[in-house]
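*Asks:* Sharing my_file31.txt, compact mmCIF, C-alpha atoms:
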```
# COMPACT_ATOMS: atom_id res chain seq x y z
CA MET L 1 -42.63 -8.89 -13.77
CA PRO L 2 -40.28 -8.33 -16.73
CA ASP L 3 -36.86 -9.95 -16.50
CA THR L 4 -35.03 -6.98 -18.00
CA LEU L 5 -34.87 -3.28 -17.26
CA SER L 6 -36.35 -0.67 -19.55
CA THR L 7 -34.10 1.88 -21.22
CA GLY L 8 -35.92 4.51 -19.21
CA ASP L 9 -34.07 3.21 -16.16
CA THR L 10 -30.77 4.56 -17.53
CA PRO L 11 -29.74 8.09 -16.46
CA SER L 12 -27.23 10.25 -18.29
CA GLN L 13 -23.44 10.00 -17.89
CA PRO L 14 -21.92 12.34 -15.27
CA PRO L 15 -20.16 15.29 -16.93
CA SER L 16 -16.72 14.86 -15.35
CA LEU L 17 -14.70 12.48 -13.21
CA GLN L 18 -11.79 12.96 -10.82
CA LEU L 19 -9.07 10.69 -12.17
CA SER L 20 -6.55 9.02 -9.88
CA SER L 21 -3.13 10.44 -9.06
CA ASP L 22 -1.58 7.17 -10.31
CA HIS L 23 -3.12 7.75 -13.73
CA THR L 24 -2.11 11.40 -13.86
CA ARG L 25 1.47 10.50 -12.98
CA GLN L 26 1.72 7.60 -15.43
CA PHE L 27 0.06 9.47 -18.28
CA SER L 28 2.26 12.54 -17.87
CA SER L 29 5.35 10.32 -18.04
CA LEU L 30 4.46 9.01 -21.50
CA PRO L 31 6.35 10.30 -24.55
CA ARG L 32 4.50 13.04 -26.40
CA ASN L 33 3.46 10.79 -29.29
CA LEU L 34 1.49 8.65 -26.82
CA GLN L 35 -0.39 11.57 -25.29
CA ILE L 36 -3.01 11.72 -28.02
CA PRO L 37 -6.11 13.73 -27.03
CA VAL L 38 -9.39 11.84 -27.17
CA ALA L 39 -10.72 14.26 -29.79
CA LYS L 40 -7.99 13.14 -32.20
CA TRP L 41 -8.41 9.38 -31.88
CA LYS L 42 -10.90 8.95 -34.71
CA SER L 43 -8.75 10.95 -37.12
CA HIS L 44 -5.72 8.77 -36.42
CA PRO L 45 -4.86 6.69 -39.53
CA ASN L 46 -4.88 3.45 -37.52
CA TYR L 47 -8.18 4.01 -35.69
CA LYS L 48 -10.39 2.20 -38.19
CA THR L 49 -7.93 -0.57 -38.95
CA ASN L 50 -7.54 -1.91 -35.42
CA TYR L 51 -9.90 -3.02 -32.71
CA MET L 52 -9.81 0.09 -30.53
CA ALA L 53 -13.24 1.28 -31.69
CA SER L 54 -14.74 -2.08 -30.69
CA TRP L 55 -12.85 -2.07 -27.38
CA ILE L 56 -14.25 1.38 -26.57
CA ARG L 57 -17.77 0.25 -27.48
CA SER L 58 -17.44 -2.58 -24.96
CA HIS L 59 -16.48 0.02 -22.36
CA ASP L 60 -19.54 2.07 -23.27
CA ALA L 61 -21.68 -1.03 -22.74
CA PHE L 62 -20.14 -1.52 -19.27
CA ARG L 63 -20.91 2.10 -18.38
CA ASN L 64 -24.49 1.76 -19.58
CA HIS L 65 -25.07 -1.47 -17.65
CA SER L 66 -23.73 0.11 -14.48
CA LYS L 67 -25.97 3.15 -14.90
CA THR L 68 -28.98 0.92 -15.58
CA VAL L 69 -28.51 -1.05 -12.36
CA LEU L 70 -27.84 2.10 -10.35
CA ASN L 71 -30.96 3.83 -11.61
CA GLY L 72 -32.99 0.67 -11.01
CA ILE L 73 -31.86 0.68 -7.37
CA ARG L 74 -32.76 4.35 -7.06
CA ASN L 75 -36.26 3.62 -8.37
CA LEU L 76 -37.04 0.64 -6.14
CA ASN L 77 -40.48 0.63 -4.55
CA HIS L 78 -39.77 -0.80 -1.11
CA ALA L 79 -43.36 -1.82 -0.50
CA ALA L 80 -43.80 -3.66 -3.81
CA PHE L 81 -40.14 -4.75 -4.12
CA GLN L 82 -39.83 -3.76 -7.76
CA THR L 83 -38.53 -0.89 -9.88
CA ALA L 84 -40.64 1.70 -11.67
CA SER L 85 -40.47 -0.47 -14.81
CA GLY L 86 -41.59 -3.57 -12.88
CA ALA L 87 -38.24 -5.34 -12.51
CA SER L 88 -37.58 -7.10 -9.22
CA PRO L 89 -34.48 -6.39 -7.11
CA LYS L 90 -33.40 -9.98 -7.82
CA VAL L 91 -33.32 -9.11 -11.52
CA LEU L 92 -31.20 -6.07 -10.73
CA ARG L 93 -28.77 -8.20 -8.74
CA ASP L 94 -28.59 -10.90 -11.41
CA GLN L 95 -28.01 -8.35 -14.17
CA PHE L 96 -25.31 -6.70 -12.10
CA LEU L 97 -23.56 -10.01 -11.53
CA LYS L 98 -23.93 -11.14 -15.15
CA TRP L 99 -22.44 -8.06 -16.73
CA HIS L 100 -19.70 -7.87 -14.12
CA ASN L 101 -18.76 -11.46 -15.00
CA ASN L 102 -18.64 -10.42 -18.67
CA MET L 103 -16.42 -7.52 -17.72
CA GLY L 104 -14.22 -9.99 -15.85
CA ASN L 105 -13.52 -11.84 -19.11
CA HIS L 106 -12.57 -8.50 -20.65
CA GLU L 107 -10.22 -7.76 -17.74
CA ARG L 108 -8.53 -11.17 -17.94
CA TYR L 109 -7.69 -10.53 -21.59
CA GLU L 110 -6.25 -7.13 -20.69
CA GLU L 111 -4.16 -8.50 -17.83
CA SER L 112 -2.95 -11.63 -19.63
CA LYS L 113 -2.06 -10.07 -23.00
CA LEU L 114 -2.86 -6.41 -23.67
CA TYR L 115 -1.25 -4.83 -20.61
CA PRO L 116 1.97 -6.89 -20.57
CA PHE L 117 2.44 -6.45 -24.31
CA LEU L 118 2.06 -2.68 -24.13
CA ALA L 119 4.21 -2.48 -21.01
CA ARG L 120 7.03 -4.26 -22.85
CA ARG L 121 6.53 -2.48 -26.16
CA TRP L 122 6.48 1.04 -24.76
CA SER L 123 8.48 0.56 -21.54
CA ILE L 124 5.62 1.73 -19.35
CA ASP L 125 3.99 0.56 -16.13
CA THR L 126 0.43 -0.76 -16.37
CA LEU L 127 0.28 -2.20 -12.85
CA TYR L 128 -1.96 0.58 -11.58
CA LEU L 129 -4.67 -0.50 -14.04
CA THR L 130 -4.48 -4.08 -12.78
CA LYS L 131 -4.66 -2.80 -9.21
CA GLU L 132 -7.82 -0.89 -10.10
CA HIS L 133 -9.40 -4.13 -11.34
CA GLY L 134 -8.85 -5.63 -7.89
CA GLU L 135 -10.30 -2.60 -6.13
CA MET L 136 -13.29 -2.69 -8.46
CA HIS L 137 -13.92 -6.32 -7.49
CA GLN L 138 -13.92 -5.38 -3.81
CA LYS L 139 -16.56 -2.75 -4.51
CA ARG L 140 -18.55 -5.34 -6.49
CA ASP L 141 -18.51 -7.68 -3.49
CA GLN L 142 -19.80 -4.89 -1.26
CA VAL L 143 -22.69 -4.24 -3.67
CA LEU L 144 -23.58 -7.94 -3.77
CA ALA L 145 -23.50 -8.19 0.03
CA LEU L 146 -25.89 -5.24 0.32
CA PHE L 147 -28.14 -6.70 -2.38
CA SER L 148 -28.40 -9.83 -0.20
CA LYS L 149 -29.19 -7.74 2.86
CA TYR L 150 -31.95 -5.90 1.02
CA LEU L 151 -33.39 -9.06 -0.54
CA ASN L 152 -33.70 -10.67 2.89
CA PHE L 153 -36.56 -8.25 3.55
CA GLU L 154 -38.48 -9.37 0.45
CA ASN L 155 -39.52 -12.61 2.18
CA ASN L 156 -40.61 -10.73 5.29
CA PRO L 157 -43.81 -8.88 4.27
CA SER L 158 -44.23 -7.33 7.71
CA GLN L 159 -41.12 -5.23 7.03
CA HIS L 160 -42.11 -4.01 3.57
CA GLY L 161 -42.03 -0.24 3.36
CA LYS L 162 -40.58 0.06 6.87
CA PRO L 163 -37.58 2.28 7.76
CA THR L 164 -35.32 -0.78 8.06
CA VAL L 165 -35.95 -1.63 4.41
CA THR L 166 -35.45 1.97 3.34
CA ALA L 167 -32.16 2.11 5.23
CA ALA L 168 -30.95 -1.10 3.60
CA ALA L 169 -31.89 0.27 0.19
CA LYS L 170 -29.98 3.47 0.87
CA GLU L 171 -26.88 1.49 1.83
CA LEU L 172 -27.19 -0.44 -1.42
CA GLU L 173 -27.67 2.72 -3.45
CA LEU L 174 -24.61 4.41 -1.95
CA ALA L 175 -22.46 1.31 -2.54
CA MET L 176 -23.64 1.10 -6.14
CA GLU L 177 -22.97 4.81 -6.66
CA ASP L 178 -19.44 4.29 -5.36
CA TYR L 179 -18.98 1.28 -7.62
CA ASP L 180 -20.38 3.08 -10.66
CA THR L 181 -18.13 6.09 -10.16
CA TYR L 182 -15.08 3.88 -9.76
CA VAL L 183 -15.90 1.86 -12.88
CA CYS L 184 -16.32 5.02 -14.96
CA ILE L 185 -13.05 6.45 -13.65
CA HIS L 186 -11.17 3.23 -14.40
CA LEU L 187 -12.57 2.92 -17.92
CA GLN L 188 -11.70 6.52 -18.74
CA GLU L 189 -8.18 6.14 -17.38
CA GLU L 190 -7.71 2.89 -19.26
CA GLU L 191 -8.85 4.43 -22.53
CA GLU L 192 -6.68 7.53 -22.19
CA PHE L 193 -3.64 5.39 -21.39
CA VAL L 194 -4.10 2.39 -23.69
CA VAL L 195 -5.74 3.67 -26.88
CA PRO L 196 -2.83 5.89 -28.02
CA MET L 197 -0.34 3.07 -27.43
CA VAL L 198 -2.32 0.74 -29.68
CA LEU L 199 -2.90 3.42 -32.30
CA GLU L 200 0.83 4.14 -32.49
CA LEU L 201 1.81 0.52 -33.19
CA GLU L 202 3.24 -0.09 -36.63
CA PRO L 203 0.74 -1.92 -38.88
CA GLU L 204 2.82 -5.10 -38.86
CA GLU L 205 3.07 -4.95 -35.06
CA TYR L 206 -0.68 -4.71 -34.78
CA VAL L 207 -1.16 -7.71 -37.06
CA GLU L 208 1.32 -9.71 -34.98
CA PHE L 209 -0.43 -8.67 -31.79
CA GLY L 210 -3.68 -10.13 -33.09
CA GLU L 211 -2.14 -13.33 -34.41
CA LEU L 212 0.46 -14.30 -31.79
CA GLY L 213 0.34 -15.20 -28.12
CA LEU L 214 2.09 -13.09 -25.52
CA THR L 215 5.11 -15.39 -25.16
CA GLU L 216 5.84 -15.25 -28.88
CA LEU L 217 5.28 -11.49 -29.00
CA LEU L 218 7.78 -10.92 -26.20
CA ARG L 219 10.28 -13.30 -27.81
CA LYS L 220 10.10 -11.42 -31.11
CA MET L 221 10.62 -8.09 -29.37
CA ASP L 222 13.68 -9.51 -27.61
CA GLN L 223 15.04 -10.70 -30.96
CA LYS L 224 14.55 -7.27 -32.52
CA ASP L 225 16.25 -5.58 -29.60
CA LYS L 226 19.18 -7.97 -29.79
CA ALA L 227 19.55 -7.37 -33.52
CA MET L 228 19.61 -3.62 -32.86
CA GLY L 229 22.09 -3.96 -30.01
CA ILE L 230 19.53 -2.83 -27.42
CA LYS L 231 19.85 -4.39 -23.98
CA THR L 232 16.47 -5.19 -22.47
CA ARG L 233 15.51 -6.27 -19.00
CA GLY L 234 11.98 -6.46 -17.64
CA GLY L 235 10.05 -3.66 -19.33
CA GLY L 236 12.88 -2.99 -21.79
CA LYS L 237 13.44 0.20 -23.75
CA ARG L 238 11.57 0.16 -27.03
CA ARG L 239 10.18 3.56 -27.90
```
Turn the structure described in the file into structure tokens.
*Replies:*
Amino acid sequence: MPDTLSTGDTPSQPPSLQLSSDHTRQFSSLPRNLQIPVAKWKSHPNYKTNYMASWIRSHDAFRNHSKTVLNGIRNLNHAAFQTASGASPKVLRDQFLKWHNNMGNHERYEESKLYPFLARRWSIDTLYLTKEHGEMHQKRDQVLALFSKYLNFENNPSQHGKPTVTAAAKELELAMEDYDTYVCIHLQEEEEFVVPMVLELEPEEYVEFGELGLTELLRKMDQKDKAMGIKTRGGGKRR
């Protein structure tokens, strides 16, 4: 059996997503210059000079990985315990876990530097995005638990193709669908909220963001506020 999935296992992206009320509320509270429509991102003068294009590409990779695993689950042959392309359910589980771990590194960077910097710089609340990371992890754990339940049948040939296996596969599919939808919603919300804030940074601010750690970035913002006579506390007021 191959140890990777074929590109034919990847279905198309759903046309629309129902975004959360937290996102709608937070986005609508942003100043107008930070409500940049997606269609105008690439024409923004800072789009090509900062890392937003690369950041979005990483999100696209996460979406594609999720869709690949989901479609692999949908195409499982419960008698042969493999997908239409010949990948085993263990490969599906391992790929799911591997790319989710990679996404975890991405999230840690966001939570430890990107989110707190933008929250301070623009006086906004990014906590709902961090909360969504936690909820996404809970959905991941549910998928992994159901993968284990399904894989238990692989070593019991007498059950292959039986209704109990089909039922376990359906549970897994529904959990993965729920996870996939949530991931896509979170990534879209994150992009709509974060990309304009990074694009609207002054060029020197963007350079500093790349070169300095969070503590130094916050210290420099405090110094600038003090020099301008602006009192800051917590999120501050720096629009």
*Asks:* Just give me the gap between atom CA of Leu214 of chain L and atom CA of Leu114 of chain L in Å, one decimal is fine.
*Replies:* 8.5 Å
*Asks:* Which of these, L:Glu173, L:Asp22, L:Glu132, L:Glu107, has the shortest distance to Leu70 of chain L once you count only C-alpha atoms?
*Replies:*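 Counting only C-alpha atoms, the residue closest to Leu70 of chain L is L:Glu173.
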*Asks:* What does the structure give for the distance between atom CA of Gly213 of chain L and atom CA of Gly134 of chain L, in Å to one decimal?
*Replies:*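 Spanning atom CA of Gly213 of chain L to atom CA of Gly134 of chain L is a straight-line distance of 24.2 Å.
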*Asks:* Between atom CA of Gln82 of chain L and atom CA of Lys170 of chain L, what is the distance, to one decimal in Å?
*Replies:*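 Straight-line distance from atom CA of Gln82 of chain L to atom CA of Lys170 of chain L works out to 15.0 Å.
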*Asks:* Name the residues in contact with Glu189 of chain L at a cut-off of 8 Å, using all atoms listed in the file, excluding same-chain residues fewer than 3 positions from it; report them as an mmCIF file with C-alpha atoms, in the frame of the given file.
*Replies:*
```
data_model
loop_
_atom_site.group_PDB
_atom_site.id
_atom_site.type_symbol
_atom_site.label_atom_id
_atom_site.label_comp_id
_atom_site.auth_asym_id
_atom_site.auth_seq_id
_atom_site.Cartn_x
_atom_site.Cartn_y
_atom_site.Cartn_z
ATOM 1 C CA LEU L 19 -9.070 10.690 -12.170
ATOM 2 C CA HIS L 23 -3.120 7.750 -13.730
ATOM 3 C CA ILE L 185 -13.050 6.450 -13.650
ATOM 4 C CA HIS L 186 -11.170 3.230 -14.400
ATOM 5 C CA GLU L 192 -6.680 7.530 -22.190
ATOM 6 C CA PHE L 193 -3.640 5.390 -21.390
#
```
*Asks:* Select all residues near (-4.5, 5.0, -28.3) (cut-off 10 Å, inclusive, file coordinates), counting all atoms listed in the file, and output them as a PyMOL selection string.
*Replies:* chain L and resi 33-38+40-42+44+46-47+52+190-201
*Asks:* Can you list, as a list in words, every protein, DNA or RNA residue that comes within 8 Å of segment 145-153 of chain L when you count only C-alpha atoms, leaving out same-chain residues fewer than 6 positions away?
*Replies:*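 In the requested format, the answer is Pro89, Lys90, Arg93, Gln159, His160, Val165, Ala168, Ala169, Glu171, Leu172 and Ala175 of chain L.
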*Asks:* Looking at all atoms listed in the file, which of L:Lys226, L:Lys220, L:Val69, L:Thr130 is the one that sits closest to Asp94 of chain L?
*Replies:*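 Closest residue, counting all atoms listed in the file: L:Val69.
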*Asks:* Between L:Ser88, L:Ser20, L:Gln95, L:Gln142, which has the minimum distance to Phe62 of chain L (counting only C-alpha atoms)?
*Replies:*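 The answer is L:Gln95, which sits nearest to Phe62 of chain L.
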